[in-house]
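Trainee: Just one file: work-v4.pdb, with PDB, C-alpha atoms.
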```
MODEL        1
ATOM      1  CA  MET A   1      -5.088  26.430   1.232
ATOM      2  CA  ASP A   2      -2.096  24.467   2.523
ATOM      3  CA  VAL A   3      -2.744  20.887   1.442
ATOM      4  CA  ALA A   4       0.607  19.484   2.615
ATOM      5  CA  PRO A   5      -0.552  18.339   6.099
ATOM      6  CA  TYR A   6      -3.289  16.239   4.477
ATOM      7  CA  ILE A   7      -1.037  14.300   2.081
ATOM      8  CA  ASP A   8       0.049  10.674   2.402
ATOM      9  CA  HIS A   9       3.101  10.715   0.089
ATOM     10  CA  THR A  10       2.697   7.306  -1.508
ATOM     11  CA  MET A  11       5.105   4.976  -3.295
ATOM     12  CA  LEU A  12       3.625   1.547  -4.021
ATOM     13  CA  LYS A  13       5.199   0.657  -7.356
ATOM     14  CA  ALA A  14       6.670  -2.821  -7.702
ATOM     15  CA  ASP A  15      10.000  -1.426  -8.910
ATOM     16  CA  ALA A  16      10.423   1.117  -6.096
ATOM     17  CA  THR A  17      14.040   1.100  -4.937
ATOM     18  CA  SER A  18      15.452   1.999  -1.532
ATOM     19  CA  ALA A  19      16.757   5.233  -3.041
ATOM     20  CA  THR A  20      13.268   6.165  -4.205
ATOM     21  CA  ILE A  21      11.769   5.403  -0.803
ATOM     22  CA  LYS A  22      14.424   7.523   0.914
ATOM     23  CA  ARG A  23      13.688  10.406  -1.458
ATOM     24  CA  TYR A  24       9.988  10.226  -0.620
ATOM     25  CA  CYS A  25      10.823  10.355   3.083
ATOM     26  CA  GLN A  26      13.030  13.400   2.600
ATOM     27  CA  GLU A  27      10.331  15.164   0.568
ATOM     28  CA  ALA A  28       7.723  14.359   3.215
ATOM     29  CA  LYS A  29       9.874  15.835   5.976
ATOM     30  CA  GLU A  30      10.724  18.888   3.908
ATOM     31  CA  HIS A  31       7.118  19.732   3.043
ATOM     32  CA  GLY A  32       5.342  18.548   6.200
ATOM     33  CA  PHE A  33       3.260  15.744   4.699
ATOM     34  CA  ALA A  34       1.069  13.600   6.956
ATOM     35  CA  SER A  35       2.774  10.307   6.148
ATOM     36  CA  VAL A  36       4.816   8.254   3.741
ATOM     37  CA  CYS A  37       2.802   5.243   2.554
ATOM     38  CA  VAL A  38       4.635   2.163   1.244
ATOM     39  CA  ASN A  39       4.335  -1.565   0.747
ATOM     40  CA  SER A  40       4.939  -3.495   3.950
ATOM     41  CA  LYS A  41       8.453  -4.672   3.008
ATOM     42  CA  ASN A  42       9.597  -1.027   3.057
ATOM     43  CA  VAL A  43       8.142  -0.087   6.451
ATOM     44  CA  ALA A  44      11.338  -0.542   8.460
ATOM     45  CA  LEU A  45      13.278   1.644   6.025
ATOM     46  CA  VAL A  46      10.650   4.395   6.164
ATOM     47  CA  GLU A  47      10.443   4.274   9.945
ATOM     48  CA  ALA A  48      14.200   4.718  10.170
ATOM     49  CA  GLU A  49      14.263   7.554   7.619
ATOM     50  CA  LEU A  50      11.422   9.426   9.355
ATOM     51  CA  SER A  51      12.780   8.981  12.875
ATOM     52  CA  GLY A  52      12.589  12.206  14.849
ATOM     53  CA  SER A  53      10.102  13.834  12.482
ATOM     54  CA  SER A  54       6.341  14.330  12.783
ATOM     55  CA  VAL A  55       5.682  12.425   9.539
ATOM     56  CA  LYS A  56       3.949   9.093  10.109
ATOM     57  CA  THR A  57       4.895   5.738   8.616
ATOM     58  CA  CYS A  58       2.002   4.138   6.722
ATOM     59  CA  SER A  59       1.807   0.634   5.244
ATOM     60  CA  VAL A  60      -0.730  -0.892   2.883
ATOM     61  CA  ILE A  61      -2.173  -4.285   3.819
ATOM     62  CA  GLY A  62      -3.673  -6.860   1.455
ATOM     63  CA  PHE A  63      -2.759  -4.561  -1.394
ATOM     64  CA  PRO A  64      -4.001  -4.027  -4.060
ATOM     65  CA  LEU A  65      -6.761  -6.642  -4.394
ATOM     66  CA  GLY A  66      -7.863  -7.390  -0.841
ATOM     67  CA  ALA A  67      -8.413 -10.951  -2.018
ATOM     68  CA  MET A  68      -6.157 -12.821   0.379
ATOM     69  CA  SER A  69      -7.220 -14.572   3.553
ATOM     70  CA  THR A  70      -7.986 -12.637   6.695
ATOM     71  CA  VAL A  71      -5.206 -14.573   8.440
ATOM     72  CA  ALA A  72      -2.722 -13.296   5.848
ATOM     73  CA  LYS A  73      -3.921  -9.700   6.275
ATOM     74  CA  VAL A  74      -3.615  -9.955  10.050
ATOM     75  CA  PHE A  75      -0.094 -11.358   9.793
ATOM     76  CA  GLU A  76       1.001  -8.617   7.398
ATOM     77  CA  ALA A  77      -0.566  -5.930   9.594
ATOM     78  CA  ARG A  78       1.126  -7.201  12.754
ATOM     79  CA  GLN A  79       4.484  -7.402  10.992
ATOM     80  CA  ALA A  80       4.093  -3.873   9.628
ATOM     81  CA  VAL A  81       3.431  -2.549  13.127
ATOM     82  CA  ALA A  82       6.408  -4.497  14.474
ATOM     83  CA  ASP A  83       8.532  -2.852  11.783
ATOM     84  CA  GLY A  84       7.360   0.610  12.813
ATOM     85  CA  ALA A  85       4.115   1.416  10.976
ATOM     86  CA  ASP A  86       1.902   4.035  12.615
ATOM     87  CA  GLU A  87      -1.012   3.630  10.191
ATOM     88  CA  LEU A  88      -2.325   0.800   8.024
ATOM     89  CA  ASP A  89      -4.345   1.105   4.810
ATOM     90  CA  MET A  90      -6.027  -2.261   4.240
ATOM     91  CA  VAL A  91      -8.029  -3.341   1.206
ATOM     92  CA  MET A  92     -11.398  -4.770   2.181
ATOM     93  CA  ASP A  93     -12.762  -8.061   0.824
ATOM     94  CA  ILE A  94     -14.243  -6.560  -2.339
ATOM     95  CA  GLY A  95     -15.582  -9.890  -3.614
ATOM     96  CA  ALA A  96     -17.553 -10.344  -0.388
ATOM     97  CA  ALA A  97     -18.966  -6.843  -0.831
ATOM     98  CA  LYS A  98     -20.119  -7.639  -4.357
ATOM     99  CA  GLU A  99     -21.836 -10.752  -2.960
ATOM    100  CA  ALA A 100     -23.479  -8.593  -0.284
ATOM    101  CA  ASP A 101     -21.810 -10.665   2.423
ATOM    102  CA  TRP A 102     -21.369  -7.673   4.679
ATOM    103  CA  GLU A 103     -20.726  -9.745   7.783
ATOM    104  CA  ARG A 104     -17.663 -11.247   6.090
ATOM    105  CA  VAL A 105     -16.519  -7.772   5.078
ATOM    106  CA  ARG A 106     -16.921  -6.551   8.656
ATOM    107  CA  GLU A 107     -15.171  -9.570  10.185
ATOM    108  CA  ASP A 108     -12.206  -9.222   7.825
ATOM    109  CA  ILE A 109     -11.739  -5.566   8.802
ATOM    110  CA  ALA A 110     -12.368  -6.173  12.493
ATOM    111  CA  ALA A 111      -9.693  -8.868  12.620
ATOM    112  CA  VAL A 112      -7.047  -6.418  11.391
ATOM    113  CA  VAL A 113      -8.316  -3.571  13.602
ATOM    114  CA  THR A 114      -8.196  -5.818  16.676
ATOM    115  CA  ALA A 115      -4.773  -7.232  15.807
ATOM    116  CA  VAL A 116      -3.085  -3.824  15.642
ATOM    117  CA  ALA A 117      -5.137  -1.755  18.104
ATOM    118  CA  PRO A 118      -4.804   1.109  18.853
ATOM    119  CA  HIS A 119      -3.083   1.830  15.517
ATOM    120  CA  CYS A 120      -5.027   3.708  12.852
ATOM    121  CA  VAL A 121      -6.607   1.441  10.217
ATOM    122  CA  LYS A 122      -7.914   2.933   6.974
ATOM    123  CA  VAL A 123     -10.164   0.692   4.881
ATOM    124  CA  ILE A 124      -9.821   0.909   1.098
ATOM    125  CA  LEU A 125     -13.231   0.336  -0.507
ATOM    126  CA  GLU A 126     -12.186   0.527  -4.191
ATOM    127  CA  THR A 127     -15.180   2.726  -4.978
ATOM    128  CA  CYS A 128     -14.799   2.371  -8.761
ATOM    129  CA  LEU A 129     -15.935  -1.261  -8.400
ATOM    130  CA  LEU A 130     -18.919  -0.487  -6.160
ATOM    131  CA  THR A 131     -22.401   0.930  -6.630
ATOM    132  CA  LYS A 132     -23.484   3.889  -4.511
ATOM    133  CA  ASP A 133     -25.471   1.574  -2.244
ATOM    134  CA  GLU A 134     -22.438  -0.698  -1.867
ATOM    135  CA  ILE A 135     -20.265   2.282  -0.927
ATOM    136  CA  ILE A 136     -22.729   3.154   1.835
ATOM    137  CA  LEU A 137     -22.848  -0.415   3.133
ATOM    138  CA  ALA A 138     -19.061  -0.757   2.959
ATOM    139  CA  CYS A 139     -18.660   2.417   5.013
ATOM    140  CA  LYS A 140     -21.078   1.063   7.594
ATOM    141  CA  ALA A 141     -19.214  -2.264   7.757
ATOM    142  CA  ALA A 142     -15.886  -0.476   8.279
ATOM    143  CA  GLN A 143     -17.449   1.714  10.955
ATOM    144  CA  ALA A 144     -18.941  -1.290  12.736
ATOM    145  CA  ALA A 145     -15.539  -3.003  12.616
ATOM    146  CA  GLY A 146     -13.887  -0.112  14.449
ATOM    147  CA  ALA A 147     -11.760   1.264  11.606
ATOM    148  CA  ALA A 148     -10.545   4.857  11.843
ATOM    149  CA  PHE A 149     -10.953   5.829   8.163
ATOM    150  CA  VAL A 150     -12.642   4.788   4.969
ATOM    151  CA  LYS A 151     -10.643   5.337   1.793
ATOM    152  CA  THR A 152     -11.764   5.546  -1.815
ATOM    153  CA  SER A 153      -9.229   3.676  -3.915
ATOM    154  CA  THR A 154      -5.972   1.813  -4.383
ATOM    155  CA  GLY A 155      -5.065   3.686  -7.545
ATOM    156  CA  PHE A 156      -4.458   0.290  -9.158
ATOM    157  CA  SER A 157      -7.988  -0.473 -10.408
ATOM    158  CA  THR A 158     -10.290   1.070 -13.026
ATOM    159  CA  GLY A 159     -10.731   4.465 -11.365
ATOM    160  CA  GLY A 160      -9.701   6.736  -8.528
ATOM    161  CA  ALA A 161     -11.044   9.353  -6.182
ATOM    162  CA  LYS A 162     -14.199  11.283  -7.110
ATOM    163  CA  ALA A 163     -15.629  14.171  -5.137
ATOM    164  CA  GLU A 164     -19.121  12.676  -5.350
ATOM    165  CA  ASP A 165     -17.916   9.456  -3.714
ATOM    166  CA  VAL A 166     -16.097  11.381  -0.991
ATOM    167  CA  ARG A 167     -19.277  13.352  -0.259
ATOM    168  CA  LEU A 168     -21.266  10.111  -0.041
ATOM    169  CA  MET A 169     -18.699   8.520   2.274
ATOM    170  CA  ARG A 170     -18.621  11.596   4.507
ATOM    171  CA  ALA A 171     -22.413  11.714   4.656
ATOM    172  CA  THR A 172     -22.468   8.033   5.652
ATOM    173  CA  VAL A 173     -19.834   8.075   8.394
ATOM    174  CA  GLY A 174     -20.500  11.608   9.654
ATOM    175  CA  ASP A 175     -17.804  12.949  11.929
ATOM    176  CA  GLN A 176     -17.168   9.568  13.531
ATOM    177  CA  MET A 177     -14.497   8.492  11.020
ATOM    178  CA  GLY A 178     -11.920   9.972   8.699
ATOM    179  CA  VAL A 179     -12.291   9.871   4.923
ATOM    180  CA  LYS A 180      -9.255   9.446   2.688
ATOM    181  CA  ALA A 181      -9.349  10.207  -1.025
ATOM    182  CA  SER A 182      -6.752   8.497  -3.184
ATOM    183  CA  GLY A 183      -6.141   7.449  -6.754
ATOM    184  CA  GLY A 184      -5.517   9.800  -9.662
ATOM    185  CA  ILE A 185      -5.073  12.979  -7.604
ATOM    186  CA  ARG A 186      -2.605  15.021  -9.635
ATOM    187  CA  SER A 187      -3.278  18.727  -9.067
ATOM    188  CA  SER A 188      -3.789  21.193  -6.241
ATOM    189  CA  ALA A 189      -7.227  22.098  -7.623
ATOM    190  CA  GLN A 190      -8.328  18.469  -7.493
ATOM    191  CA  ALA A 191      -6.871  18.096  -4.004
ATOM    192  CA  ILE A 192      -8.794  21.107  -2.728
ATOM    193  CA  GLU A 193     -12.007  19.870  -4.369
ATOM    194  CA  LEU A 194     -11.682  16.543  -2.529
ATOM    195  CA  LEU A 195     -10.904  18.211   0.783
ATOM    196  CA  GLU A 196     -13.925  20.472   0.378
ATOM    197  CA  ALA A 197     -16.024  17.379  -0.402
ATOM    198  CA  GLY A 198     -15.137  15.992   3.025
ATOM    199  CA  ALA A 199     -11.765  14.270   2.803
ATOM    200  CA  ASP A 200      -9.425  14.427   5.809
ATOM    201  CA  ARG A 201      -6.484  12.832   4.030
ATOM    202  CA  LEU A 202      -5.214  12.577   0.452
ATOM    203  CA  GLY A 203      -3.180   9.701  -0.957
ATOM    204  CA  ALA A 204      -0.946  10.765  -3.839
ATOM    205  CA  GLY A 205       1.757   8.970  -5.771
ATOM    206  CA  ASP A 206       3.463  12.340  -6.144
ATOM    207  CA  GLY A 207       2.486  14.635  -3.298
ATOM    208  CA  LEU A 208       4.643  17.417  -4.707
ATOM    209  CA  LYS A 209       2.195  17.861  -7.591
ATOM    210  CA  LEU A 210      -0.548  18.759  -5.122
ATOM    211  CA  LEU A 211       1.365  21.686  -3.620
TER
ENDMDL
END
```
Kindly present the structure from the file in structure tokens form.
Mentor:
Amino acid sequence: MDVAPYIDHTMLKADATSATIKRYCQEAKEHGFASVCVNSKNVALVEAELSGSSVKTCSVIGFPLGAMSTVAKVFEARQAVADGADELDMVMDIGAAKEADWERVREDIAAVVTAVAPHCVKVILETCLLTKDEIILACKAAQAAGAAFVKTSTGFSTGGAKAEDVRLMRATVGDQMGVKASGGIRSSAQAIELLEAGADRLGAGDGLKLL
């Protein structure tokens, strides 16, 4: 199975240099990855490096905690799009989810979706911090808010992608949304397992390892 078209080649480390970002872009073009995913300050560089290719530019928003104001998320999302982002991976308000304030979760997502429409917004749930019921309700909130994808993890918390969580997310959203698995994906076998569980996209800090 060719996993390359499913991979978001991801570099979100605080010490990522311009040279590293450029290398990721070159690798993505060479192998036909879906996107290069970076922190928002690097979007303009990625957009320039990927110009003329089919690889998309992806930016994280509210990363990695999701604990900033909705206004701040909206501003960052709009700026990322202005800089050339095709897709946005935003972290939901996890604290609101743990309080079962699902309307706040939905409103936070909807504000970003509306601000950057029709750009693709993927909502990071941080599944390692949620119960199974909370994963279901988070998926429903993201769906109600008009997001394009739900995503498992940031890769910066206590756990990453699990096939069982991907299956649950897919069962919840059906074929109406995409499902992205990310966090701790380090082998082709694991990548294939997650795709077979229902993932449409894979986020990997080193996409080359998944080939």
Trainee: Taking only residues of range 45-163 of chain A that have an atom at most 6 Å from an atom of range 181-201 of chain A, what is each one's shortest atom pair and its distance in Å to one decimal, using all atoms listed in the file, in chain and number order, as a Markdown table?
Mentor:
```
| residue | atom | partner | partner_atom | distance |
| --- | --- | --- | --- | --- |
| A:Lys151 | CA | A:Ala181 | CA | 5.8 |
| A:Thr152 | CA | A:Ala181 | CA | 5.3 |
| A:Ser153 | CA | A:Ser182 | CA | 5.5 |
| A:Gly155 | CA | A:Gly183 | CA | 4.0 |
| A:Gly160 | CA | A:Gly183 | CA | 4.0 |
| A:Ala161 | CA | A:Gly183 | CA | 5.3 |
| A:Ala163 | CA | A:Leu194 | CA | 5.3 |
```
Trainee: Hey, what comes out of the PyMOL selection byres ((chain A and resi 135-139) around 8) on this file? Could you write it as a tab-separated table (two decimals) with C-alpha atoms, keeping the file's coordinate frame?
Mentor:
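The resulting expr.tsv:
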```
chain	number	residue	atom	x	y	z
A	97	ALA	CA	-18.97	-6.84	-0.83
A	102	TRP	CA	-21.37	-7.67	4.68
A	105	VAL	CA	-16.52	-7.77	5.08
A	125	LEU	CA	-13.23	0.34	-0.51
A	127	THR	CA	-15.18	2.73	-4.98
A	130	LEU	CA	-18.92	-0.49	-6.16
A	131	THR	CA	-22.40	0.93	-6.63
A	132	LYS	CA	-23.48	3.89	-4.51
A	133	ASP	CA	-25.47	1.57	-2.24
A	134	GLU	CA	-22.44	-0.70	-1.87
A	140	LYS	CA	-21.08	1.06	7.59
A	141	ALA	CA	-19.21	-2.26	7.76
A	142	ALA	CA	-15.89	-0.48	8.28
A	143	GLN	CA	-17.45	1.71	10.96
A	150	VAL	CA	-12.64	4.79	4.97
A	168	LEU	CA	-21.27	10.11	-0.04
A	169	MET	CA	-18.70	8.52	2.27
A	172	THR	CA	-22.47	8.03	5.65
A	173	VAL	CA	-19.83	8.07	8.39
```
Trainee: Nearest residue to Leu45 in chain A out of A:Asp206, A:Asp93, A:Asp83, A:Asp175, using only C-alpha atoms?
Mentor: A:Asp83
Trainee: Could you give me, as a list in words, the residues that sit within 7 Å of (-2.4, 6.2, 14.2) in the file's coordinates, counting all atoms listed in the file?
Mentor: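 Residues satisfying the cut-off, written out: Asp86, Glu87, His119 and Cys120 of chain A.
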Trainee: So that I can check the surroundings of Ile61 in chain A, please list as a VMD selection string every protein, DNA and RNA residue that reaches within 12 Å of it, counting all atoms listed in the file and ignoring chain neighbours fewer than 3 positions away.
Mentor: chain A and resid 12 37 to 41 43 58 64 to 81 85 87 to 93 108 to 109 112 to 113 116 121 to 124 154
Trainee: May I have the selected residues written with C-alpha atoms, as a tab-separated table (two decimals), in the coordinates of the input?
Mentor:
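Saved as selection_19.tsv:
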```tsv
chain	number	residue	atom	x	y	z
A	12	LEU	CA	3.62	1.55	-4.02
A	37	CYS	CA	2.80	5.24	2.55
A	38	VAL	CA	4.64	2.16	1.24
A	39	ASN	CA	4.34	-1.56	0.75
A	40	SER	CA	4.94	-3.50	3.95
A	41	LYS	CA	8.45	-4.67	3.01
A	43	VAL	CA	8.14	-0.09	6.45
A	58	CYS	CA	2.00	4.14	6.72
A	64	PRO	CA	-4.00	-4.03	-4.06
A	65	LEU	CA	-6.76	-6.64	-4.39
A	66	GLY	CA	-7.86	-7.39	-0.84
A	67	ALA	CA	-8.41	-10.95	-2.02
A	68	MET	CA	-6.16	-12.82	0.38
A	69	SER	CA	-7.22	-14.57	3.55
A	70	THR	CA	-7.99	-12.64	6.70
A	71	VAL	CA	-5.21	-14.57	8.44
A	72	ALA	CA	-2.72	-13.30	5.85
A	73	LYS	CA	-3.92	-9.70	6.28
A	74	VAL	CA	-3.62	-9.96	10.05
A	75	PHE	CA	-0.09	-11.36	9.79
A	76	GLU	CA	1.00	-8.62	7.40
A	77	ALA	CA	-0.57	-5.93	9.59
A	78	ARG	CA	1.13	-7.20	12.75
A	79	GLN	CA	4.48	-7.40	10.99
A	80	ALA	CA	4.09	-3.87	9.63
A	81	VAL	CA	3.43	-2.55	13.13
A	85	ALA	CA	4.12	1.42	10.98
A	87	GLU	CA	-1.01	3.63	10.19
A	88	LEU	CA	-2.33	0.80	8.02
A	89	ASP	CA	-4.34	1.10	4.81
A	90	MET	CA	-6.03	-2.26	4.24
A	91	VAL	CA	-8.03	-3.34	1.21
A	92	MET	CA	-11.40	-4.77	2.18
A	93	ASP	CA	-12.76	-8.06	0.82
A	108	ASP	CA	-12.21	-9.22	7.82
A	109	ILE	CA	-11.74	-5.57	8.80
A	112	VAL	CA	-7.05	-6.42	11.39
A	113	VAL	CA	-8.32	-3.57	13.60
A	116	VAL	CA	-3.08	-3.82	15.64
A	121	VAL	CA	-6.61	1.44	10.22
A	122	LYS	CA	-7.91	2.93	6.97
A	123	VAL	CA	-10.16	0.69	4.88
A	124	ILE	CA	-9.82	0.91	1.10
A	154	THR	CA	-5.97	1.81	-4.38
```
